[in-house]
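Coordinates from model_24.pdb are shown below (PDB, C-alpha atoms).
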```pdb
ATOM      1  CA  MET S1345       0.000   0.000   0.000
ATOM      2  CA  THR S1346       1.311   3.462  -0.910
ATOM      3  CA  GLN S1347       2.351   5.597   2.050
ATOM      4  CA  ILE S1348       1.688   9.334   1.947
ATOM      5  CA  MET S1349       4.802  10.537   3.721
ATOM      6  CA  GLY S1350       6.886  13.676   3.763
ATOM      7  CA  VAL S1351       9.994  14.238   1.690
ATOM      8  CA  SER S1352      13.195  14.059   3.725
ATOM      9  CA  SER S1353      15.708  16.897   3.468
ATOM     10  CA  THR S1354      18.202  14.521   1.814
ATOM     11  CA  ASP S1355      15.702  13.362  -0.789
ATOM     12  CA  PHE S1356      14.531  16.906  -1.467
ATOM     13  CA  GLU S1357      18.122  18.021  -2.021
ATOM     14  CA  TYR S1358      18.503  15.257  -4.612
ATOM     15  CA  LEU S1359      15.273  16.345  -6.315
ATOM     16  CA  ARG S1360      16.491  19.948  -6.360
ATOM     17  CA  GLU S1361      19.724  18.893  -8.065
ATOM     18  CA  LEU S1362      17.857  16.686 -10.551
ATOM     19  CA  VAL S1363      15.510  19.509 -11.574
ATOM     20  CA  HIS S1364      18.268  22.128 -11.700
ATOM     21  CA  HIS S1365      20.612  19.975 -13.768
ATOM     22  CA  HIS S1366      18.023  19.199 -16.442
ATOM     23  CA  SER S1367      15.951  22.393 -16.500
ATOM     24  CA  ALA S1368      17.968  25.040 -14.562
ATOM     25  CA  VAL S1369      14.848  25.674 -12.465
ATOM     26  CA  VAL S1370      15.640  26.322  -8.795
ATOM     27  CA  LEU S1371      13.411  24.632  -6.206
ATOM     28  CA  PHE S1372      13.609  26.557  -2.971
ATOM     29  CA  GLY S1373      13.931  24.809   0.380
ATOM     30  CA  ASP S1374      10.430  25.666   1.585
ATOM     31  CA  LYS S1375       8.683  23.804  -1.252
ATOM     32  CA  THR S1376       8.856  20.270   0.140
ATOM     33  CA  TYR S1377       5.067  20.224   0.541
ATOM     34  CA  LEU S1378       4.702  20.825  -3.208
ATOM     35  CA  ALA S1379       7.045  17.938  -3.903
ATOM     36  CA  GLU S1380       4.835  15.715  -1.774
ATOM     37  CA  LEU S1381       1.687  16.902  -3.554
ATOM     38  CA  HIS S1382       3.001  16.596  -7.108
ATOM     39  CA  LEU S1383       5.006  13.393  -6.747
ATOM     40  CA  GLN S1384       2.337  11.308  -5.035
ATOM     41  CA  PRO S1385       0.468  10.519  -8.296
ATOM     42  CA  ILE S1386       3.738   9.338  -9.883
ATOM     43  CA  VAL S1387       4.494   7.183  -6.863
ATOM     44  CA  GLU S1388       1.078   5.525  -7.041
ATOM     45  CA  LEU S1389       1.089   5.045 -10.810
ATOM     46  CA  ALA S1390       4.595   3.559 -10.852
ATOM     47  CA  GLY S1391       3.788   1.235  -7.963
ATOM     48  CA  PHE S1392       6.255   2.523  -5.362
ATOM     49  CA  ALA S1393       5.420   2.301  -1.662
ATOM     50  CA  SER S1394       6.529   5.861  -0.908
ATOM     51  CA  ILE S1395       8.217   8.956  -2.303
ATOM     52  CA  ALA S1396      11.411   7.787  -0.606
ATOM     53  CA  ASP S1397      11.298   4.593  -2.683
ATOM     54  CA  LEU S1398      10.779   6.616  -5.843
ATOM     55  CA  VAL S1399      13.808   8.777  -5.042
ATOM     56  CA  THR S1400      15.899   5.683  -4.300
ATOM     57  CA  TYR S1401      15.024   4.359  -7.756
ATOM     58  CA  LEU S1402      15.841   7.684  -9.415
ATOM     59  CA  ARG S1403      19.208   7.837  -7.677
ATOM     60  CA  THR S1404      20.290   4.392  -8.849
ATOM     61  CA  GLU S1405      18.913   4.144 -12.395
ATOM     62  CA  PRO S1406      20.116   5.871 -15.596
ATOM     63  CA  PHE S1407      18.022   8.857 -16.702
ATOM     64  CA  ASN S1408      14.737   7.603 -18.122
ATOM     65  CA  SER S1409      11.079   8.562 -18.565
ATOM     66  CA  LEU S1410      10.417   8.392 -14.820
ATOM     67  CA  HIS S1411      13.114  10.999 -14.182
ATOM     68  CA  ALA S1412      11.503  13.176 -16.867
ATOM     69  CA  GLN S1413       8.035  12.747 -15.316
ATOM     70  CA  THR S1414       9.415  13.705 -11.905
ATOM     71  CA  ILE S1415      11.038  16.864 -13.250
ATOM     72  CA  GLU S1416       7.881  17.865 -15.118
ATOM     73  CA  ALA S1417       5.793  17.329 -11.974
ATOM     74  CA  LEU S1418       8.052  19.575  -9.896
ATOM     75  CA  VAL S1419       8.286  22.471 -12.369
ATOM     76  CA  THR S1420       5.473  25.002 -12.065
ATOM     77  CA  ASN S1421       3.054  25.245 -15.003
ATOM     78  CA  GLU S1422       0.848  28.065 -13.730
ATOM     79  CA  THR S1423      -0.773  30.210 -16.422
ATOM     80  CA  SER S1424      -4.091  31.595 -17.661
ATOM     81  CA  PHE S1425      -5.662  33.191 -20.717
ATOM     82  CA  PHE S1426      -4.681  36.854 -21.279
ATOM     83  CA  ARG S1427      -2.672  36.714 -18.040
ATOM     84  CA  ASP S1428      -2.075  40.189 -16.521
ATOM     85  CA  SER S1429      -3.852  41.711 -19.583
ATOM     86  CA  HIS S1430      -1.445  44.684 -20.033
ATOM     87  CA  PRO S1431       1.032  42.951 -22.401
ATOM     88  CA  PHE S1432      -1.836  41.889 -24.652
ATOM     89  CA  GLU S1433      -3.238  45.428 -24.671
ATOM     90  CA  ALA S1434       0.200  46.757 -25.665
ATOM     91  CA  LEU S1435       0.416  44.156 -28.394
ATOM     92  CA  LYS S1436      -3.010  45.180 -29.738
ATOM     93  CA  LYS S1437      -2.726  48.977 -29.430
ATOM     94  CA  TYR S1438       0.925  49.679 -30.205
ATOM     95  CA  ILE S1439       3.239  46.830 -31.098
ATOM     96  CA  LEU S1440       1.414  44.852 -33.777
ATOM     97  CA  PRO S1441       0.181  47.980 -35.633
ATOM     98  CA  GLU S1442       3.766  49.288 -35.671
ATOM     99  CA  LEU S1443       5.256  45.972 -36.793
ATOM    100  CA  ILE S1444       2.648  45.533 -39.538
ATOM    101  CA  LYS S1445       3.769  48.874 -41.003
ATOM    102  CA  GLN S1446       7.469  48.065 -40.647
ATOM    103  CA  ARG S1447       7.105  44.561 -42.136
ATOM    104  CA  GLU S1448       4.784  45.587 -44.972
ATOM    105  CA  SER S1449       7.350  44.873 -47.681
ATOM    106  CA  GLU S1450       8.373  41.439 -46.390
ATOM    107  CA  ARG S1451       4.901  40.549 -45.077
ATOM    108  CA  SER S1452       6.105  38.154 -42.392
ATOM    109  CA  LEU S1453       6.066  38.144 -38.611
ATOM    110  CA  ASN S1454       7.578  35.816 -36.010
ATOM    111  CA  ILE S1455       6.374  35.576 -32.402
ATOM    112  CA  TRP S1456       7.733  33.223 -29.739
ATOM    113  CA  CYS S1457       6.111  32.136 -26.480
ATOM    114  CA  ALA S1458       8.832  30.421 -24.435
ATOM    115  CA  ALA S1459       7.845  28.042 -21.616
ATOM    116  CA  CYS S1460       4.274  28.051 -22.934
ATOM    117  CA  SER S1461       2.928  25.474 -20.470
ATOM    118  CA  ASN S1462      -0.633  24.374 -21.343
ATOM    119  CA  GLY S1463      -0.911  26.852 -24.207
ATOM    120  CA  GLN S1464      -3.054  29.665 -22.809
ATOM    121  CA  GLU S1465      -0.532  32.393 -23.664
ATOM    122  CA  PRO S1466       0.047  31.525 -27.349
ATOM    123  CA  TYR S1467      -3.653  30.858 -27.842
ATOM    124  CA  SER S1468      -4.413  34.278 -26.337
ATOM    125  CA  ILE S1469      -2.096  35.866 -28.909
ATOM    126  CA  ALA S1470      -3.650  33.808 -31.713
ATOM    127  CA  ILE S1471      -7.143  34.943 -30.655
ATOM    128  CA  LEU S1472      -5.956  38.563 -30.485
ATOM    129  CA  ILE S1473      -4.588  38.325 -34.036
ATOM    130  CA  HIS S1474      -7.781  36.700 -35.294
ATOM    131  CA  GLU S1475      -9.963  39.310 -33.596
ATOM    132  CA  HIS S1476      -8.087  42.510 -34.441
ATOM    133  CA  PHE S1477      -5.571  41.897 -37.248
ATOM    134  CA  PRO S1478      -7.176  39.994 -40.144
ATOM    135  CA  THR S1479      -4.336  41.298 -42.354
ATOM    136  CA  LEU S1480      -1.938  38.974 -40.546
ATOM    137  CA  LEU S1481      -4.051  35.937 -41.402
ATOM    138  CA  ASN S1482      -2.782  36.370 -44.972
ATOM    139  CA  TRP S1483       0.858  36.669 -43.892
ATOM    140  CA  PRO S1484       3.166  33.736 -43.147
ATOM    141  CA  VAL S1485       3.003  34.470 -39.411
ATOM    142  CA  LYS S1486       5.023  32.088 -37.251
ATOM    143  CA  LEU S1487       3.583  31.878 -33.752
ATOM    144  CA  ILE S1488       5.914  29.371 -32.100
ATOM    145  CA  ALA S1489       5.253  28.081 -28.585
ATOM    146  CA  THR S1490       7.853  25.968 -26.795
ATOM    147  CA  ASP S1491       8.189  24.022 -23.564
ATOM    148  CA  PHE S1492      10.498  21.283 -22.347
ATOM    149  CA  SER S1493       7.578  19.201 -21.032
ATOM    150  CA  THR S1494       6.119  16.734 -23.521
ATOM    151  CA  LYS S1495       3.124  16.294 -21.221
ATOM    152  CA  VAL S1496       2.014  19.940 -21.238
ATOM    153  CA  LEU S1497       2.745  20.270 -24.969
ATOM    154  CA  ALA S1498       0.468  17.326 -25.744
ATOM    155  CA  ARG S1499      -2.305  18.973 -23.788
ATOM    156  CA  ALA S1500      -1.641  22.366 -25.378
ATOM    157  CA  ARG S1501      -1.910  20.911 -28.880
ATOM    158  CA  GLU S1502      -5.290  19.395 -28.019
ATOM    159  CA  GLY S1503      -6.484  22.738 -26.625
ATOM    160  CA  HIS S1504      -8.642  21.168 -23.899
ATOM    161  CA  TYR S1505      -9.410  23.247 -20.781
ATOM    162  CA  ASN S1506     -11.598  22.674 -17.747
ATOM    163  CA  GLN S1507     -14.179  25.131 -16.456
ATOM    164  CA  LEU S1508     -11.834  26.615 -13.840
ATOM    165  CA  GLU S1509      -9.227  27.393 -16.510
ATOM    166  CA  MET S1510     -11.908  28.884 -18.743
ATOM    167  CA  ASN S1511     -13.041  31.182 -15.945
ATOM    168  CA  ARG S1512      -9.563  32.679 -15.505
ATOM    169  CA  GLY S1513      -9.028  35.686 -17.773
ATOM    170  CA  LEU S1514     -11.278  34.653 -20.644
ATOM    171  CA  PRO S1515     -14.158  37.007 -21.550
ATOM    172  CA  LYS S1516     -17.471  35.249 -22.218
ATOM    173  CA  ASN S1517     -17.754  36.567 -25.784
ATOM    174  CA  ILE S1518     -14.285  35.223 -26.617
ATOM    175  CA  ARG S1519     -15.095  31.899 -24.976
ATOM    176  CA  ASP S1520     -18.324  31.478 -26.919
ATOM    177  CA  HIS S1521     -16.747  32.452 -30.241
ATOM    178  CA  TYR S1522     -13.476  30.541 -30.136
ATOM    179  CA  PHE S1523     -14.231  27.492 -27.952
ATOM    180  CA  GLN S1524     -16.676  24.638 -28.184
ATOM    181  CA  LYS S1525     -18.212  23.012 -25.110
ATOM    182  CA  LEU S1526     -17.687  19.285 -24.805
ATOM    183  CA  GLU S1527     -19.021  17.033 -22.044
ATOM    184  CA  THR S1528     -16.695  17.948 -19.186
ATOM    185  CA  HIS S1529     -14.437  20.570 -20.719
ATOM    186  CA  TRP S1530     -13.953  23.094 -23.506
ATOM    187  CA  GLN S1531     -11.805  22.858 -26.643
ATOM    188  CA  ILE S1532     -10.375  25.774 -28.571
ATOM    189  CA  LYS S1533     -11.485  25.729 -32.201
ATOM    190  CA  GLU S1534      -9.287  24.454 -35.014
ATOM    191  CA  GLN S1535      -9.007  27.894 -36.658
ATOM    192  CA  ILE S1536      -7.025  29.061 -33.592
ATOM    193  CA  ARG S1537      -5.146  25.818 -32.919
ATOM    194  CA  GLN S1538      -3.701  25.783 -36.434
ATOM    195  CA  ILE S1539      -2.114  29.225 -35.923
ATOM    196  CA  VAL S1540       0.184  27.989 -33.121
ATOM    197  CA  ASP S1541       3.246  25.819 -33.781
ATOM    198  CA  PHE S1542       4.007  23.921 -30.554
ATOM    199  CA  ARG S1543       7.561  22.600 -30.254
ATOM    200  CA  GLU S1544       9.542  20.796 -27.583
ATOM    201  CA  LEU S1545      12.512  22.900 -26.469
ATOM    202  CA  ASN S1546      14.636  23.010 -23.342
ATOM    203  CA  LEU S1547      15.793  26.620 -22.911
ATOM    204  CA  LEU S1548      19.189  25.370 -21.717
ATOM    205  CA  GLN S1549      19.837  23.627 -25.016
ATOM    206  CA  SER S1550      20.389  24.862 -28.575
ATOM    207  CA  TRP S1551      17.952  27.329 -30.159
ATOM    208  CA  SER S1552      19.332  26.741 -33.656
ATOM    209  CA  SER S1553      15.962  25.467 -34.896
ATOM    210  CA  LEU S1554      14.317  28.818 -34.137
ATOM    211  CA  PRO S1555      14.153  31.872 -36.455
ATOM    212  CA  GLN S1556      14.727  35.433 -35.311
ATOM    213  CA  PHE S1557      11.660  36.941 -33.677
ATOM    214  CA  ASP S1558       9.814  40.237 -33.779
ATOM    215  CA  VAL S1559       8.216  39.589 -30.377
ATOM    216  CA  ILE S1560       9.352  37.246 -27.616
ATOM    217  CA  PHE S1561       7.238  36.368 -24.587
ATOM    218  CA  LEU S1562       9.482  35.029 -21.808
ATOM    219  CA  ARG S1563       7.075  35.838 -19.007
ATOM    220  CA  ASN S1564       7.360  34.423 -15.481
ATOM    221  CA  VAL S1565      10.278  32.230 -16.492
ATOM    222  CA  LEU S1566      13.417  34.006 -15.241
ATOM    223  CA  ILE S1567      12.108  33.979 -11.658
ATOM    224  CA  TYR S1568      12.763  30.227 -11.493
ATOM    225  CA  PHE S1569      16.433  30.500 -12.513
ATOM    226  CA  ASP S1570      19.613  31.507 -10.719
ATOM    227  CA  VAL S1571      21.508  34.650 -11.782
ATOM    228  CA  VAL S1572      24.019  32.795 -13.961
ATOM    229  CA  THR S1573      21.243  31.109 -15.933
ATOM    230  CA  LYS S1574      19.264  34.359 -16.252
ATOM    231  CA  LYS S1575      22.275  36.084 -17.796
ATOM    232  CA  ALA S1576      22.907  33.185 -20.160
ATOM    233  CA  LEU S1577      19.290  33.189 -21.343
ATOM    234  CA  LEU S1578      19.244  36.949 -21.932
ATOM    235  CA  LYS S1579      22.447  36.653 -23.934
ATOM    236  CA  LYS S1580      20.749  34.079 -26.155
ATOM    237  CA  ILE S1581      17.626  36.247 -26.380
ATOM    238  CA  LYS S1582      19.766  39.087 -27.816
ATOM    239  CA  GLN S1583      20.731  36.848 -30.712
ATOM    240  CA  GLN S1584      17.167  35.653 -31.268
ATOM    241  CA  LEU S1585      15.441  39.065 -31.128
ATOM    242  CA  ARG S1586      15.325  41.231 -34.250
ATOM    243  CA  PRO S1587      16.980  44.669 -33.808
ATOM    244  CA  ASP S1588      13.623  46.442 -33.558
ATOM    245  CA  GLY S1589      11.846  43.603 -31.744
ATOM    246  CA  TYR S1590      10.166  43.464 -28.345
ATOM    247  CA  LEU S1591      10.790  41.266 -25.305
ATOM    248  CA  PHE S1592       8.118  40.723 -22.650
ATOM    249  CA  LEU S1593       9.080  39.469 -19.198
ATOM    250  CA  GLY S1594       6.855  38.817 -16.193
ATOM    251  CA  SER S1595       5.732  41.709 -14.007
ATOM    252  CA  GLY S1596       8.258  40.752 -11.319
ATOM    253  CA  GLU S1597      11.161  40.271 -13.733
ATOM    254  CA  THR S1598      13.699  42.653 -15.246
ATOM    255  CA  THR S1599      16.899  42.788 -17.287
ATOM    256  CA  ILE S1600      18.392  45.411 -14.931
ATOM    257  CA  SER S1601      21.725  44.266 -13.432
ATOM    258  CA  LEU S1602      21.582  41.204 -15.670
ATOM    259  CA  ASP S1603      22.132  42.538 -19.196
ATOM    260  CA  GLU S1604      22.619  46.198 -20.059
ATOM    261  CA  SER S1605      21.916  45.566 -23.754
ATOM    262  CA  PHE S1606      18.207  45.992 -23.073
ATOM    263  CA  LYS S1607      16.266  49.155 -22.340
ATOM    264  CA  ARG S1608      12.931  49.303 -20.575
ATOM    265  CA  VAL S1609       9.964  50.626 -22.582
ATOM    266  CA  LEU S1610       6.542  51.491 -21.180
ATOM    267  CA  PHE S1611       3.278  51.214 -23.125
ATOM    268  CA  ASP S1612       0.552  52.443 -20.788
ATOM    269  CA  LYS S1613       0.820  49.896 -17.937
ATOM    270  CA  ALA S1614       2.767  47.323 -19.939
ATOM    271  CA  ILE S1615       6.544  47.027 -19.568
ATOM    272  CA  CYS S1616       8.666  45.492 -22.296
ATOM    273  CA  TYR S1617      12.298  45.595 -23.406
ATOM    274  CA  ARG S1618      14.130  46.530 -26.593
ATOM    275  CA  LEU S1619      17.753  46.405 -27.590
ATOM    276  CA  HIS S1620      19.929  49.510 -27.079
ATOM    277  CA  SER S1621      21.724  51.359 -29.879
ATOM    278  CA  ARG S1622      19.890  49.877 -32.803
ATOM    279  CA  GLY S1623      18.521  53.115 -34.189
ATOM    280  CA  VAL S1624      14.877  52.199 -33.634
ATOM    281  CA  ASN S1625      12.091  54.617 -32.871
ATOM    282  CA  ILE S1626       9.918  53.998 -29.820
ATOM    283  CA  THR S1627       6.283  54.841 -30.533
ATOM    284  CA  GLN S1628       3.963  55.073 -27.542
TER
END
```

Structure rendered as structure tokens:
Amino acid sequence: MTQIMGVSSTDFEYLRELVHHHSAVVLFGDKTYLAELHLQPIVELAGFASIADLVTYLRTEPFNSLHAQTIEALVTNETSFFRDSHPFEALKKYILPELIKQRESERSLNIWCAACSNGQEPYSIAILIHEHFPTLLNWPVKLIATDFSTKVLARAREGHYNQLEMNRGLPKNIRDHYFQKLETHWQIKEQIRQIVDFRELNLLQSWSSLPQFDVIFLRNVLIYFDVVTKKALLKKIKQQLRPDGYLFLGSGETTISLDESFKRVLFDKAICYRLHSRGVNITQ
């Protein structure tokens, strides 16, 4: 019979190292209760008697799917549709109108949602484009959404959401127009799903498969990394962002003291970042 027991400090330290090594995410010492909550289903499904037995197995076996499941369970996947609203308002009122003018000759646009979790953020952008910028539906727009978790990507591609998720940040008119109600959940319609290209990508690994982007959403991601990893990611972002592109971070995140190549730009209540010394005009 499975025992619901706490995670020892020794086992939690191993789990911290496992997660950090493979994802660079830092699990803080006061999150043992979350480890207990999120690992218990894995323990039961895999047939272990306790979390301690699971950790013993992980310590002694080569990296396999159970290690990957454990890491995915311990990494936060908290998100919602149109989360914090202000970045989406800036995208609608200022950024996309400006980029449409600047890209008129090439008629292409690339947007990246990094660490996209269950897909609410890229789908929010896809809905915004469909609602307000029909011109872009005739462009080869690349809306790429990435995550290292195969589990959340599979769910994101399906576009299935429960009622609680639908109630968080999604206006009723948008819900009724772009989602269909199934028996116990909702599914986003195919016309929106086909706009988003979901890809598996670990941010610590190569980004060579990605194009340069006009807009990058890296929101509520840096907060989980240590300073060294934050700096390394921002350095890579500089290479991936077009000279006149825009970077969105989470409301509690900043490039200050991490990378001086970026300057802070304010659009109403939305904060984003652009590259210094590229001769671009900031329109607000």

Selection under test: the PyMOL selection byres ((chain S and resi 1403-1415) around 10); residues as a count of residues only: 31

Nearest residue to Thr1490 in chain S from the set S:Ile1615, S:Ile1439, S:Val1571, S:Cys1460 (distances using all atoms listed in the file):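 Among the listed residues, the smallest separation from Thr1490 in chain S belongs to S:Cys1460.
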
Hits from the PyMOL selection byres ((chain S and resi 1558) around 9), listed as JSON, numbers by chain: {"S": [1443, 1453, 1454, 1455, 1456, 1556, 1557, 1559, 1560, 1585, 1586, 1587, 1588, 1589, 1590, 1591]}

Spatial neighbours of Ile1488 in chain S, 9 Å, all atoms listed in the file, chain gap at least 3 places, as a ChimeraX atom specification: /S:1454-1458,1466,1539-1543,1554

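Distance cut-off 8 Å, centre (19.5, 44.5, -22.2), atoms counted only C-alpha atoms; the residues meeting this are Leu1578, Lys1582, Thr1599, Ile1600, Leu1602, Asp1603, Glu1604, Ser1605, Phe1606, Lys1607, Tyr1617, Arg1618, Leu1619 and His1620 of chain S.
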
Among listed residues S:Asn1546, S:His1529, S:Ala1614, S:Lys1486, nearest Leu1508 in chain S (using only C-alpha atoms):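 When distances to Leu1508 in chain S are compared using only C-alpha atoms, the smallest one comes from S:His1529.
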
Point-to-point distance from CA of Ser1468 in chain S to CA of Arg1608 in chain S, Å rounded to tenths: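 Going from CA of Ser1468 in chain S over to CA of Arg1608 in chain S, I get 23.7 Å.
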
Explicit residues for the PyMOL selection byres ((chain S and resi 1501-1503) around 6) (as a VMD selection string): chain S and resid 1498 to 1500 1504 1531 to 1532

Using only C-alpha atoms, which protein or nucleic acid residues come within 8 Å of Ile1567 in chain S? Drop anything in the same chain fewer than 2 positions from it, and give the result as a compact mmCIF listing (two decimals) with C-alpha atoms, in the frame of the given file.
```
# COMPACT_ATOMS: atom_id res chain seq x y z
CA ASN S 1564 7.36 34.42 -15.48
CA VAL S 1565 10.28 32.23 -16.49
CA PHE S 1569 16.43 30.50 -12.51
CA ASP S 1570 19.61 31.51 -10.72
CA GLY S 1596 8.26 40.75 -11.32
CA GLU S 1597 11.16 40.27 -13.73
```

Pairwise distance for CA of Cys1616 in chain S and CA of Leu1566 in chain S, rounded to one decimal in Å: 14.3 Å

One-decimal distance in Å that lies between CA of Val1496 in chain S and CA of Ile1471 in chain S: 19.9 Å

Surrounding residues of Ser1550 in chain S excluding itself and chain neighbours under 3 positions, 12 Å, all atoms listed in the file, as a PyMOL selection string: chain S and resi 1544-1547+1553-1554+1577+1580-1581+1584
